[in-house]
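Asker: One file is attached below, input.cif, containing mmCIF, C-alpha atoms.
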data_model
loop_
_atom_site.label_atom_id
_atom_site.label_comp_id
_atom_site.auth_asym_id
_atom_site.auth_seq_id
_atom_site.Cartn_x
_atom_site.Cartn_y
_atom_site.Cartn_z
CA MET A 125 -240.62 -31.16 127.30
CA SER A 126 -241.61 -28.00 125.42
CA PRO A 127 -239.06 -25.25 124.81
CA ALA A 128 -238.56 -22.71 127.59
CA LYS A 129 -240.57 -19.48 127.47
CA GLY A 130 -238.92 -16.99 125.14
CA SER A 131 -237.04 -19.67 123.25
CA SER A 132 -237.82 -21.60 120.10
CA VAL A 133 -236.30 -24.45 118.11
CA ARG A 134 -236.81 -22.31 115.01
CA TYR A 135 -233.96 -20.09 116.17
CA ILE A 136 -231.45 -22.94 116.41
CA PRO A 137 -229.92 -22.37 112.92
CA ALA A 138 -229.50 -18.62 113.46
CA VAL A 139 -228.13 -18.97 117.00
CA LEU A 140 -225.79 -21.78 115.97
CA ALA A 141 -224.52 -19.75 112.99
CA GLY A 142 -223.98 -16.74 115.24
CA LYS A 143 -222.11 -18.78 117.85
CA LEU A 144 -219.88 -20.34 115.20
CA ALA A 145 -219.18 -16.89 113.76
CA ARG A 146 -218.30 -15.71 117.26
CA VAL A 147 -215.77 -18.51 117.70
CA ALA A 148 -214.23 -17.79 114.30
CA THR A 149 -213.97 -14.03 114.84
CA ARG A 150 -212.49 -14.43 118.32
CA LEU A 151 -209.83 -16.73 116.92
CA ARG A 152 -208.97 -13.97 114.46
CA GLY A 153 -208.84 -11.39 117.23
CA GLY A 154 -211.81 -9.15 116.39
CA GLY A 155 -215.23 -8.83 114.76
CA SER A 156 -217.35 -8.64 117.93
CA ALA A 157 -220.43 -7.38 116.00
CA PHE A 158 -220.23 -9.83 113.09
CA PRO A 159 -221.91 -12.80 114.87
CA GLY A 160 -224.93 -10.60 115.59
CA TYR A 161 -225.06 -9.48 111.97
CA VAL A 162 -225.12 -13.11 110.84
CA ALA A 163 -227.83 -14.13 113.32
CA ASN A 164 -230.02 -11.10 112.58
CA ARG A 165 -229.86 -11.78 108.86
CA LEU A 166 -230.97 -15.38 109.37
CA ALA A 167 -233.65 -14.59 111.95
CA PRO A 168 -234.81 -10.93 111.98
CA SER A 169 -237.10 -11.54 114.99
CA LEU A 170 -234.35 -13.13 117.09
CA LEU A 171 -233.28 -9.94 118.88
CA SER A 172 -236.79 -9.07 120.08
CA THR A 173 -237.23 -12.66 121.29
CA LEU A 174 -233.92 -12.59 123.14
CA GLY A 175 -234.82 -9.28 124.75
CA GLY A 176 -238.32 -10.26 125.84
CA GLN A 177 -237.30 -12.87 128.40
CA PHE A 178 -236.16 -10.79 131.35
CA ARG A 179 -238.30 -10.71 134.49
CA TYR A 180 -237.17 -7.18 135.39
CA GLY A 181 -237.11 -6.04 131.79
CA VAL A 182 -234.52 -4.15 129.77
CA VAL A 183 -232.63 -0.98 130.73
CA PHE A 184 -231.10 1.34 128.11
CA VAL A 185 -228.11 3.55 128.96
CA LEU A 186 -227.61 6.52 126.60
CA GLY A 187 -225.14 9.40 126.64
CA SER A 188 -222.21 11.05 124.90
CA ASN A 189 -219.88 9.81 127.65
CA GLY A 190 -220.16 7.36 130.53
CA LYS A 191 -222.34 4.66 128.97
CA THR A 192 -220.01 1.74 129.67
CA THR A 193 -219.24 2.87 133.21
CA THR A 194 -222.89 3.50 134.12
CA THR A 195 -223.98 0.20 132.56
CA HIS A 196 -221.34 -1.52 134.69
CA MET A 197 -222.47 0.30 137.85
CA ILE A 198 -226.15 -0.49 137.36
CA SER A 199 -225.31 -4.13 136.67
CA GLU A 200 -223.21 -4.48 139.82
CA ILE A 201 -225.85 -2.81 142.01
CA LEU A 202 -228.48 -5.22 140.67
CA ARG A 203 -226.15 -8.19 141.20
CA ALA A 204 -225.68 -7.06 144.79
CA HIS A 205 -229.46 -7.47 145.11
CA GLY A 206 -229.17 -11.07 143.93
CA LEU A 207 -230.26 -10.58 140.31
CA ARG A 208 -228.69 -12.33 137.35
CA VAL A 209 -227.75 -9.55 134.95
CA PHE A 210 -227.10 -9.69 131.25
CA THR A 211 -225.11 -6.79 129.83
CA ASN A 212 -222.89 -5.84 126.92
CA PRO A 213 -219.71 -5.10 128.93
CA THR A 214 -217.24 -4.25 126.16
CA GLY A 215 -219.29 -1.50 124.57
CA ALA A 216 -220.97 -3.44 121.74
CA ASN A 217 -223.78 -0.90 121.53
CA LEU A 218 -225.10 -1.15 117.96
CA PRO A 219 -227.95 -3.58 117.09
CA GLN A 220 -225.63 -6.27 115.75
CA GLY A 221 -223.31 -5.80 118.73
CA VAL A 222 -226.17 -6.20 121.22
CA THR A 223 -227.26 -9.38 119.40
CA SER A 224 -223.68 -10.69 119.50
CA ALA A 225 -223.52 -10.11 123.24
CA LEU A 226 -226.85 -11.89 123.75
CA LEU A 227 -225.68 -14.79 121.60
CA ALA A 228 -222.75 -15.32 123.93
CA GLU A 229 -225.21 -16.09 126.76
CA ALA A 230 -228.05 -17.74 124.83
CA THR A 231 -228.80 -21.43 124.51
CA LEU A 232 -229.23 -22.83 121.02
CA THR A 233 -233.00 -22.26 121.27
CA GLY A 234 -232.48 -18.62 122.23
CA LYS A 235 -232.93 -18.75 125.99
CA VAL A 236 -230.94 -16.23 128.06
CA ARG A 237 -230.66 -17.11 131.74
CA ALA A 238 -230.85 -13.68 133.37
CA ASP A 239 -233.36 -11.61 135.32
CA VAL A 240 -232.63 -8.25 133.72
CA ALA A 241 -230.74 -6.79 130.77
CA VAL A 242 -228.73 -3.58 131.19
CA LEU A 243 -227.54 -2.35 127.80
CA GLU A 244 -225.49 0.61 126.68
CA VAL A 245 -226.91 1.72 123.36
CA ASP A 246 -225.58 3.98 120.62
CA GLU A 247 -227.73 7.10 120.44
CA GLY A 248 -228.10 6.82 116.66
CA PHE A 249 -229.83 3.44 117.02
CA ALA A 250 -231.56 3.95 120.38
CA ALA A 251 -235.10 4.53 119.06
CA GLU A 252 -234.82 1.61 116.61
CA LEU A 253 -233.58 -0.72 119.34
CA ALA A 254 -236.21 0.52 121.79
CA ASP A 255 -238.93 -0.47 119.33
CA ILE A 256 -237.40 -3.97 119.23
CA LEU A 257 -236.47 -4.49 122.89
CA ALA A 258 -239.16 -2.40 124.66
CA PRO A 259 -237.01 -1.06 127.53
CA ARG A 260 -238.72 -0.38 130.84
CA VAL A 261 -236.16 2.17 132.01
CA ILE A 262 -234.05 4.53 129.90
CA VAL A 263 -231.32 6.72 131.36
CA ALA A 264 -229.91 9.74 129.46
CA LEU A 265 -226.52 10.66 130.92
CA ASN A 266 -225.35 13.76 129.08
CA VAL A 267 -225.07 15.60 125.78
CA GLN A 268 -221.45 16.55 125.06
CA VAL A 269 -219.59 17.61 121.94
CA ASP A 270 -218.67 14.28 120.33
CA GLN A 271 -218.52 12.59 116.92
CA LEU A 272 -219.39 15.73 114.96
CA TYR A 273 -218.07 13.96 111.86
CA ARG A 274 -220.97 11.54 112.34
CA PHE A 275 -223.80 13.54 113.97
CA TYR A 276 -222.85 17.07 112.79
CA GLU A 277 -224.66 18.83 115.66
CA THR A 278 -225.02 18.10 119.37
CA GLU A 279 -228.72 18.97 119.07
CA ARG A 280 -229.22 15.87 116.92
CA VAL A 281 -227.77 13.68 119.65
CA ALA A 282 -230.06 15.27 122.23
CA ASP A 283 -233.07 14.68 119.98
CA MET A 284 -232.08 11.03 119.48
CA MET A 285 -231.96 10.48 123.25
CA LEU A 286 -235.25 12.26 123.85
CA ASP A 287 -236.90 10.34 121.00
CA ALA A 288 -235.78 7.04 122.51
CA ALA A 289 -236.93 8.16 125.97
CA ARG A 290 -240.50 8.21 124.70
CA ARG A 291 -240.32 4.42 124.41
CA ALA A 292 -239.59 3.75 128.11
CA SER A 293 -242.55 2.03 129.75
CA VAL A 294 -241.71 2.52 133.45
CA ARG A 295 -239.26 5.39 134.03
CA VAL A 296 -236.98 7.88 132.27
CA VAL A 297 -233.92 8.90 134.29
CA VAL A 298 -232.34 12.15 133.12
CA ASN A 299 -229.30 14.28 133.99
CA GLY A 300 -230.73 17.38 135.64
CA ASP A 301 -227.37 19.17 135.20
CA ASP A 302 -227.45 18.90 131.41
CA PRO A 303 -228.55 22.03 129.52
CA TYR A 304 -230.34 19.98 126.86
CA LEU A 305 -231.70 17.02 128.81
CA SER A 306 -232.95 19.05 131.78
CA LYS A 307 -235.45 20.67 129.39
CA ILE A 308 -237.12 17.36 128.52
CA ASP A 309 -240.84 17.76 127.77
CA GLU A 310 -242.47 15.33 130.18
CA SER A 311 -245.84 15.63 128.44
CA THR A 312 -244.45 13.72 125.44
CA LEU A 313 -243.40 10.66 127.47
CA ARG A 314 -245.15 7.42 128.35
CA SER A 315 -243.56 7.22 131.80
CA PRO A 316 -242.53 9.55 134.65
CA VAL A 317 -239.14 11.29 134.75
CA SER A 318 -236.58 11.28 137.56
CA PHE A 319 -233.53 13.54 137.60
CA PHE A 320 -230.01 13.00 138.91
CA GLY A 321 -226.98 15.27 139.18
CA ALA A 322 -224.49 16.89 141.53
CA SER A 323 -224.81 19.69 144.06
CA PRO A 324 -223.74 23.14 142.82
CA ASP A 325 -220.89 23.17 145.35
CA VAL A 326 -219.51 19.89 144.02
CA VAL A 327 -219.71 21.06 140.39
CA SER A 328 -218.08 24.41 141.12
CA ALA A 329 -215.21 22.68 142.93
CA SER A 330 -214.27 20.90 139.68
CA ALA A 331 -211.79 22.79 137.50
CA HIS A 332 -214.01 22.69 134.40
CA GLY A 333 -217.36 21.57 135.79
CA LEU A 334 -219.20 18.78 133.97
CA VAL A 335 -218.29 19.91 130.41
CA ASN A 336 -221.81 19.29 129.08
CA ALA A 337 -222.74 20.98 125.81
CA VAL A 338 -224.36 24.42 125.91
CA ASP A 339 -227.96 24.53 124.69
CA THR A 340 -227.85 26.58 121.49
CA ARG A 341 -231.39 25.77 120.42
CA SER A 342 -233.92 26.89 123.02
CA GLY A 343 -232.60 30.40 123.61
CA ASP A 344 -231.78 29.43 127.21
CA THR A 345 -228.17 28.20 127.38
CA GLY A 346 -228.41 27.19 131.01
CA VAL A 347 -229.90 24.28 132.94
CA ARG A 348 -233.58 24.16 133.84
CA THR A 349 -233.80 23.72 137.61
CA ARG A 350 -235.14 20.30 138.52
CA GLU A 351 -235.66 18.48 141.80
CA LEU A 352 -232.96 15.80 141.86
CA GLU A 353 -233.96 12.34 143.02
CA SER A 354 -230.31 11.27 143.23
CA GLN A 355 -227.57 13.84 143.89
CA VAL A 356 -223.81 13.80 144.45
CA ALA A 357 -223.34 15.56 147.81
CA SER A 358 -219.55 15.27 148.13
CA VAL A 359 -216.54 13.85 146.30
CA SER A 360 -213.12 13.07 147.77
CA GLY A 361 -211.07 10.90 145.44
CA ARG A 362 -213.08 7.71 145.07
CA ALA A 363 -215.11 8.36 148.24
CA VAL A 364 -218.51 9.82 147.40
CA GLU A 365 -221.67 10.69 149.28
CA LEU A 366 -224.95 10.41 147.37
CA ASP A 367 -228.37 11.59 148.45
CA LEU A 368 -231.18 9.35 147.23
CA GLY A 369 -234.37 10.99 148.38
CA ASP A 370 -233.95 11.44 152.14
CA GLU A 371 -231.25 8.77 152.43
CA ARG A 372 -227.50 9.40 152.24
CA LEU A 373 -225.28 6.68 150.75
CA ALA A 374 -221.52 6.64 151.34
CA ILE A 375 -220.01 4.76 148.41
CA THR A 376 -216.59 3.99 146.94
CA LEU A 377 -216.23 4.57 143.21
CA PRO A 378 -214.37 2.08 141.01
CA ALA A 379 -212.42 5.00 139.46
CA ARG A 380 -211.78 8.61 140.43
CA GLY A 381 -213.50 11.68 139.06
CA LEU A 382 -216.63 13.82 139.31
CA HIS A 383 -217.95 12.28 136.09
CA TYR A 384 -217.86 8.82 137.72
CA ALA A 385 -219.67 10.21 140.76
CA VAL A 386 -222.46 11.58 138.54
CA ASP A 387 -222.62 8.23 136.73
CA ALA A 388 -223.04 6.60 140.14
CA ALA A 389 -225.94 8.92 140.96
CA ALA A 390 -227.58 7.85 137.69
CA ALA A 391 -226.94 4.17 138.40
CA VAL A 392 -228.47 4.28 141.89
CA SER A 393 -231.56 6.04 140.56
CA VAL A 394 -231.98 3.53 137.73
CA ALA A 395 -231.54 0.54 140.05
CA SER A 396 -234.16 1.90 142.42
CA HIS A 397 -236.71 2.03 139.59
CA VAL A 398 -235.80 -1.39 138.23
CA LEU A 399 -236.23 -2.97 141.66
CA GLY A 400 -239.03 -0.86 143.13
CA ASP A 401 -239.78 -1.93 146.70
CA GLU A 402 -236.98 -4.53 146.49
CA PHE A 403 -234.30 -1.82 146.30
CA SER A 404 -231.94 -1.67 149.27
CA ALA A 405 -229.57 1.23 149.84
CA ALA A 406 -227.28 -1.09 151.84
CA ALA A 407 -227.10 -3.52 148.92
CA ALA A 408 -226.29 -0.64 146.55
CA VAL A 409 -223.42 0.48 148.82
CA ARG A 410 -222.18 -3.11 148.94
CA GLY A 411 -222.33 -3.30 145.16
CA PHE A 412 -220.02 -0.30 144.85
CA ALA A 413 -217.65 -1.65 147.50
CA GLU A 414 -217.20 -4.86 145.50
CA MET A 415 -217.13 -3.15 142.09
CA ALA A 416 -214.09 -3.45 139.83
CA PRO A 417 -213.45 -0.69 137.26
CA ALA A 418 -215.26 -1.01 133.95
CA TYR A 419 -213.30 -2.27 130.96
CA GLY A 420 -210.37 0.09 130.40
CA ARG A 421 -211.80 2.81 132.67
CA GLY A 422 -209.42 3.14 135.59
CA GLU A 423 -208.31 -0.49 135.48
CA LEU A 424 -204.94 -1.36 136.92
CA VAL A 425 -203.01 -3.88 134.80
CA PRO A 426 -199.56 -5.30 135.65
CA LEU A 427 -196.87 -3.68 133.51
CA ARG A 428 -194.43 -6.59 133.49
CA ARG A 429 -196.58 -9.68 134.09
CA ASP A 430 -195.93 -9.47 137.84
CA PRO A 431 -199.25 -8.83 139.63
CA ALA A 432 -197.34 -7.50 142.64
CA GLY A 433 -195.14 -5.17 140.57
CA GLU A 434 -195.65 -1.85 138.86
CA GLN A 435 -199.14 -1.22 137.52
CA VAL A 436 -200.58 0.62 134.52
CA GLU A 437 -203.67 2.70 135.17
CA PHE A 438 -205.70 2.83 131.94
CA VAL A 439 -207.54 6.14 131.54
CA MET A 440 -209.69 5.93 128.44
CA PHE A 441 -210.98 8.98 126.56
CA LYS A 442 -212.78 9.39 123.25
CA ASN A 443 -213.41 13.11 122.92
CA GLY A 444 -212.61 16.47 124.46
CA PRO A 445 -215.07 16.31 127.37
CA SER A 446 -213.99 12.83 128.47
CA LEU A 447 -210.31 13.78 128.27
CA GLN A 448 -210.90 17.00 130.22
CA LEU A 449 -212.88 15.26 132.97
CA ASN A 450 -210.22 12.57 133.36
CA VAL A 451 -207.44 15.16 133.44
CA ASP A 452 -209.38 17.13 136.07
CA ALA A 453 -209.67 13.97 138.19
CA LEU A 454 -205.88 13.61 138.55
CA ASP A 455 -204.30 14.33 141.92
CA GLY A 456 -201.41 16.03 140.14
CA ALA A 457 -198.97 15.44 137.30
CA PRO A 458 -198.43 11.69 136.76
CA GLU A 459 -194.91 10.49 137.47
CA ARG A 460 -194.87 8.38 134.28
CA LEU A 461 -197.32 9.16 131.48
CA LEU A 462 -198.20 7.78 128.03
CA MET A 463 -200.76 9.34 125.66
CA ALA A 464 -202.15 7.45 122.68
CA VAL A 465 -204.61 8.24 119.88
CA ASP A 466 -205.03 6.28 116.65
CA GLU A 467 -207.04 6.59 113.44
CA GLY A 468 -210.18 5.50 115.27
CA THR A 469 -210.40 9.18 116.24
CA PRO A 470 -210.48 10.85 112.80
CA ASP A 471 -210.27 14.49 113.90
CA VAL A 472 -208.23 15.40 116.97
CA SER A 473 -208.53 19.17 116.68
CA TRP A 474 -210.59 19.11 119.89
CA LEU A 475 -207.32 18.48 121.73
CA TYR A 476 -206.79 22.24 121.56
CA ASP A 477 -209.92 22.82 123.65
CA VAL A 478 -208.63 20.66 126.52
CA ASP A 479 -206.68 22.25 129.38
CA LEU A 480 -203.57 20.08 129.79
CA THR A 481 -201.65 22.35 132.16
CA VAL A 482 -201.77 19.74 134.94
CA PHE A 483 -199.20 17.72 132.94
CA ASP A 484 -195.56 18.62 133.62
CA HIS A 485 -194.33 16.17 130.98
CA VAL A 486 -195.41 13.20 128.84
CA ASP A 487 -192.93 10.34 128.55
CA VAL A 488 -194.25 8.75 125.35
CA VAL A 489 -196.91 9.66 122.80
CA THR A 490 -198.05 6.93 120.44
CA GLY A 491 -200.63 5.86 117.87
CA GLU A 492 -201.20 7.09 114.33
CA LYS A 493 -202.00 10.55 115.73
CA ALA A 494 -198.84 10.69 117.86
CA HIS A 495 -197.39 13.69 116.06
CA GLN A 496 -200.66 15.63 116.41
CA ILE A 497 -200.64 14.90 120.16
CA ALA A 498 -197.01 16.00 120.42
CA THR A 499 -197.79 19.24 118.57
CA ARG A 500 -200.70 20.00 120.90
CA LEU A 501 -198.52 19.31 123.95
CA ALA A 502 -195.82 21.59 122.55
CA TYR A 503 -198.35 24.42 122.24
CA ALA A 504 -199.31 23.78 125.88
CA GLY A 505 -195.65 23.94 126.90
CA VAL A 506 -195.62 20.31 128.03
CA PRO A 507 -192.28 18.53 127.35
CA VAL A 508 -192.54 15.26 125.40
CA GLY A 509 -189.97 12.49 125.83
CA VAL A 510 -190.47 10.23 122.80
CA VAL A 511 -192.85 10.28 119.82
CA GLU A 512 -193.33 6.65 118.77
CA PRO A 513 -196.41 5.91 116.60
CA ASP A 514 -196.08 2.14 117.00
CA MET A 515 -197.94 1.02 120.14
CA GLU A 516 -195.87 -2.11 120.70
CA LYS A 517 -192.64 -0.12 120.60
CA ALA A 518 -194.19 2.50 122.86
CA VAL A 519 -195.12 -0.16 125.42
CA ALA A 520 -191.57 -1.49 125.27
CA LEU A 521 -190.30 2.02 126.03
CA MET A 522 -192.64 2.32 129.01
CA ARG A 523 -191.50 -1.06 130.30
CA ALA A 524 -187.84 -0.02 129.98
CA PHE A 525 -188.18 2.97 132.33
CA PRO A 526 -187.09 2.57 135.95
CA GLU A 527 -189.93 1.70 138.29
CA THR A 528 -191.85 4.74 139.52
CA GLU A 529 -191.93 5.70 143.17
CA ALA A 530 -195.68 5.16 143.23
CA ARG A 531 -195.27 1.89 141.28
CA ARG A 532 -197.89 3.13 138.85
CA GLN A 533 -197.84 4.47 135.31
CA VAL A 534 -200.79 6.36 133.81
CA TRP A 535 -201.79 5.71 130.20
CA PHE A 536 -204.29 8.08 128.56
CA VAL A 537 -205.60 6.11 125.58
CA ASN A 538 -208.50 6.10 123.16
CA TYR A 539 -210.65 2.97 122.85
CA GLU A 540 -208.78 1.08 120.16
CA LEU A 541 -205.36 1.64 121.69
CA MET A 542 -206.70 0.78 125.12
CA MET A 543 -207.58 -2.68 123.78
CA ILE A 544 -204.23 -3.02 121.99
CA GLY A 545 -202.33 -1.91 125.07
CA ARG A 546 -204.16 -4.38 127.30
CA ARG A 547 -203.47 -7.16 124.82
CA ILE A 548 -199.74 -6.33 124.68
CA LEU A 549 -199.67 -6.48 128.48
CA GLY A 550 -201.34 -9.89 128.36
CA TYR A 551 -204.95 -8.95 129.12
CA GLY A 552 -206.55 -8.92 125.69
CA ASP A 553 -209.74 -10.79 126.50
CA GLN A 554 -210.58 -10.24 130.12
CA GLU A 555 -211.12 -7.48 132.60
CA VAL A 556 -208.77 -7.40 135.56
CA ALA A 557 -210.45 -6.62 138.84
CA ARG A 558 -207.72 -4.36 140.21
CA ARG A 559 -207.96 -0.77 141.39
#
Write out the structure in this file as structure tokens.
Answerer:
Amino acid sequence: MSPAKGSSVRYIPAVLAGKLARVATRLRGGGSAFPGYVANRLAPSLLSTLGGQFRYGVVFVLGSNGKTTTTHMISEILRAHGLRVFTNPTGANLPQGVTSALLAEATLTGKVRADVAVLEVDEGFAAELADILAPRVIVALNVQVDQLYRFYETERVADMMLDAARRASVRVVVNGDDPYLSKIDESTLRSPVSFFGASPDVVSASAHGLVNAVDTRSGDTGVRTRELESQVASVSGRAVELDLGDERLAITLPARGLHYAVDAAAAVSVASHVLGDEFSAAAAVRGFAEMAPAYGRGELVPLRRDPAGEQVEFVMFKNGPSLQLNVDALDGAPERLLMAVDEGTPDVSWLYDVDLTVFDHVDVVTGEKAHQIATRLAYAGVPVGVVEPDMEKAVALMRAFPETEARRQVWFVNYELMMIGRRILGYGDQEVARR
């Protein structure tokens, strides 16, 4: 029997080397991108071959914030339609990381058994990866102030997204509430554009709006008015109403917050263009109803190994906008609160731009930047219980507190400490479908 379409015996050495590297790095507790680096070095055409096998094509998810959540939402909506979905669920969004994720699912000859690939992609590599993987649909979520030590200017990030968008062959899905992205020049694209967003009433009801970057380049700092294909009509906790064309969808979000509602609007729009006439609003609603939180984004993890006991709600942030949006989503001051930032966030001066007045105290601050967090909280007049840079000791302190009335602690953590915290709690290598 000849090899399956999209696979080749010539890739066996590269795939085998990548899979062995994956086993070795997982045993050492890290290195998720290294297997892809090994395989790409041995077979430079492997990634394009892996990506060319999907019946419904490849979807790219771009944005300063919300990539992992939106990737997760799109994937679950498509699964609710009966599709087999390949995705990179832990945020491996550089070329070698995408290859590593594909290697985990590929046979030795390079066959991936899935109908569609939904990939979050780093903006700096989006155009390069688009030339390799030829995405049918690209979604651009937002342009927010992030990673200035890497990109220097938010305009560069916007340009990277818009450059990649030119490679989409079927549809570009764009945030119509974003000052940069709403001004996309449709004449430069290969495919039509659809816009998503939230109603003005919903945005104005949020304490700080959507926190998208102001357009400093065009001379018009505001948003260009666009007709929204998918729009958030109302938000009440995790209950959201979306308008998709003339149809209203009542959905339940996997985590709370206006930013998650806007991500959901993007996800529904993307899924409708991936599926075309096969799209079902009822299936999309069912997909949300069955959806667990994305990795570290609103997950509930048992604090003391007892699934029925007190839970930790992980609230992940990586920059000022994501922290502000997650703070704005709170129902009030958390009864028990940990904040953690480590050296993975080189410059935390943006903490001073975030309104933290909803906090009435923080029990423990931790990570290498613990003292910087504590200083910022002091300037905000927020009492701090303990400053403990060591995450393991901080977790021990949180476990030693009496159980909260709500039986829930809230941990605001950046990405690296989210993973460390989950591992300390006993969930280092799997998502827990609790909410």
Asker: Hey, what's within 12 Å of Arg341 (chain A) if we count all atoms listed in the file and toss same-chain stuff fewer than 4 positions away? As a list in words, please?
Answerer: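 Those residues are Glu277, Thr278, Glu279, Arg280, Ala282, Asp283, Pro303, Tyr304, Lys307, Ala337, Thr345 and Gly346 of chain A.
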Asker: With a distance cut-off of 10 Å and only C-alpha atoms, select the neighbouring residues of Ala498 (chain A), excluding the residue or stretch itself and same-chain residues fewer than 4 positions from it, and output the selection as a compact mmCIF listing (two decimals) with C-alpha atoms, in the frame of the given file.
Answerer:
# COMPACT_ATOMS: atom_id res chain seq x y z
CA MET A 463 -200.76 9.34 125.66
CA VAL A 486 -195.41 13.20 128.84
CA VAL A 488 -194.25 8.75 125.35
CA VAL A 489 -196.91 9.66 122.80
CA THR A 490 -198.05 6.93 120.44
CA LYS A 493 -202.00 10.55 115.73
CA ALA A 494 -198.84 10.69 117.86
CA ALA A 502 -195.82 21.59 122.55
CA TYR A 503 -198.35 24.42 122.24
CA ALA A 504 -199.31 23.78 125.88
CA VAL A 506 -195.62 20.31 128.03
CA PRO A 507 -192.28 18.53 127.35
CA VAL A 508 -192.54 15.26 125.40
CA GLY A 509 -189.97 12.49 125.83
CA VAL A 510 -190.47 10.23 122.80
CA VAL A 511 -192.85 10.28 119.82
Asker: Could you tell me, as a PyMOL selection string, exactly which residues end up selected when the PyMOL selection byres ((chain A and resi 348-353) around 6) is applied to this structure?
Answerer: chain A and resi 306-307+319-320+347+354+368-369
Asker: Just want the 12 Å neighbourhood of Asp309 (chain A), counted on only C-alpha atoms, with same-chain residues fewer than 5 positions away dropped. Output as a ChimeraX atom specification.
Answerer: /A:283,286-287,289-290,296,298,304,314-317,348
Asker: Using all atoms listed in the file for the distances, tell me which of A:Ser330, A:Thr173, A:Thr231, A:Thr223 is nearest to Ala258 (chain A).
Answerer: A:Thr173
Asker: Rounded to one decimal place, report the CA of Pro417 (chain A)-CA of Met285 (chain A) distance in Å.
Answerer: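 Spanning CA of Pro417 (chain A) to CA of Met285 (chain A) is a straight-line distance of 25.8 Å.
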Asker: What's around Leu334 (chain A) at 8 Å? Count all atoms listed in the file, leave out sequence neighbours fewer than 4 positions away in its own chain, and write the answer as a list in words.
Answerer: Val327, Ser330, Leu382, His383 and Leu449 of chain A
Asker: Save out the residues we just selected, C-alpha atoms, as a compact mmCIF listing (two decimals), keeping the file's coordinate frame.
Answerer:
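What landed in part11.txt:
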# COMPACT_ATOMS: atom_id res chain seq x y z
CA VAL A 327 -219.71 21.06 140.39
CA SER A 330 -214.27 20.90 139.68
CA LEU A 382 -216.63 13.82 139.31
CA HIS A 383 -217.95 12.28 136.09
CA LEU A 449 -212.88 15.26 132.97
Asker: Find the residues around Ala329 (chain A) up to 10 Å (all atoms listed in the file counted), leave out those fewer than 4 positions away in its own chain, and share them as a list in words.
Answerer: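 Once the nearby chain positions are removed, what remains is Pro324, Asp325, Gly333, Val359 and Leu382 of chain A.
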Asker: Taking (-233.3, -17.2, 136.6) in the file's coordinates as the center, which residues reach within 10 Å of it, counting only C-alpha atoms, put as a PyMOL selection string?
Answerer: chain A and resi 178-179+207-209+236-240
Asker: Going by the chain IDs and residue numbers used in this file, which residues fall under the PyMOL selection byres ((chain A and resi 180) around 12)? Write them as a tab-separated table (two decimals) with C-alpha atoms, keeping the file's coordinate frame.
Answerer:
chain	number	residue	atom	x	y	z
A	175	GLY	CA	-234.82	-9.28	124.75
A	176	GLY	CA	-238.32	-10.26	125.84
A	177	GLN	CA	-237.30	-12.87	128.40
A	178	PHE	CA	-236.16	-10.79	131.35
A	179	ARG	CA	-238.30	-10.71	134.49
A	181	GLY	CA	-237.11	-6.04	131.79
A	182	VAL	CA	-234.52	-4.15	129.77
A	183	VAL	CA	-232.63	-0.98	130.73
A	202	LEU	CA	-228.48	-5.22	140.67
A	207	LEU	CA	-230.26	-10.58	140.31
A	208	ARG	CA	-228.69	-12.33	137.35
A	209	VAL	CA	-227.75	-9.55	134.95
A	210	PHE	CA	-227.10	-9.69	131.25
A	238	ALA	CA	-230.85	-13.68	133.37
A	239	ASP	CA	-233.36	-11.61	135.32
A	240	VAL	CA	-232.63	-8.25	133.72
A	241	ALA	CA	-230.74	-6.79	130.77
A	242	VAL	CA	-228.73	-3.58	131.19
A	258	ALA	CA	-239.16	-2.40	124.66
A	259	PRO	CA	-237.01	-1.06	127.53
A	260	ARG	CA	-238.72	-0.38	130.84
A	261	VAL	CA	-236.16	2.17	132.01
A	294	VAL	CA	-241.71	2.52	133.45
A	395	ALA	CA	-231.54	0.54	140.05
A	396	SER	CA	-234.16	1.90	142.42
A	397	HIS	CA	-236.71	2.03	139.59
A	398	VAL	CA	-235.80	-1.39	138.23
A	399	LEU	CA	-236.23	-2.97	141.66
A	400	GLY	CA	-239.03	-0.86	143.13
A	402	GLU	CA	-236.98	-4.53	146.49
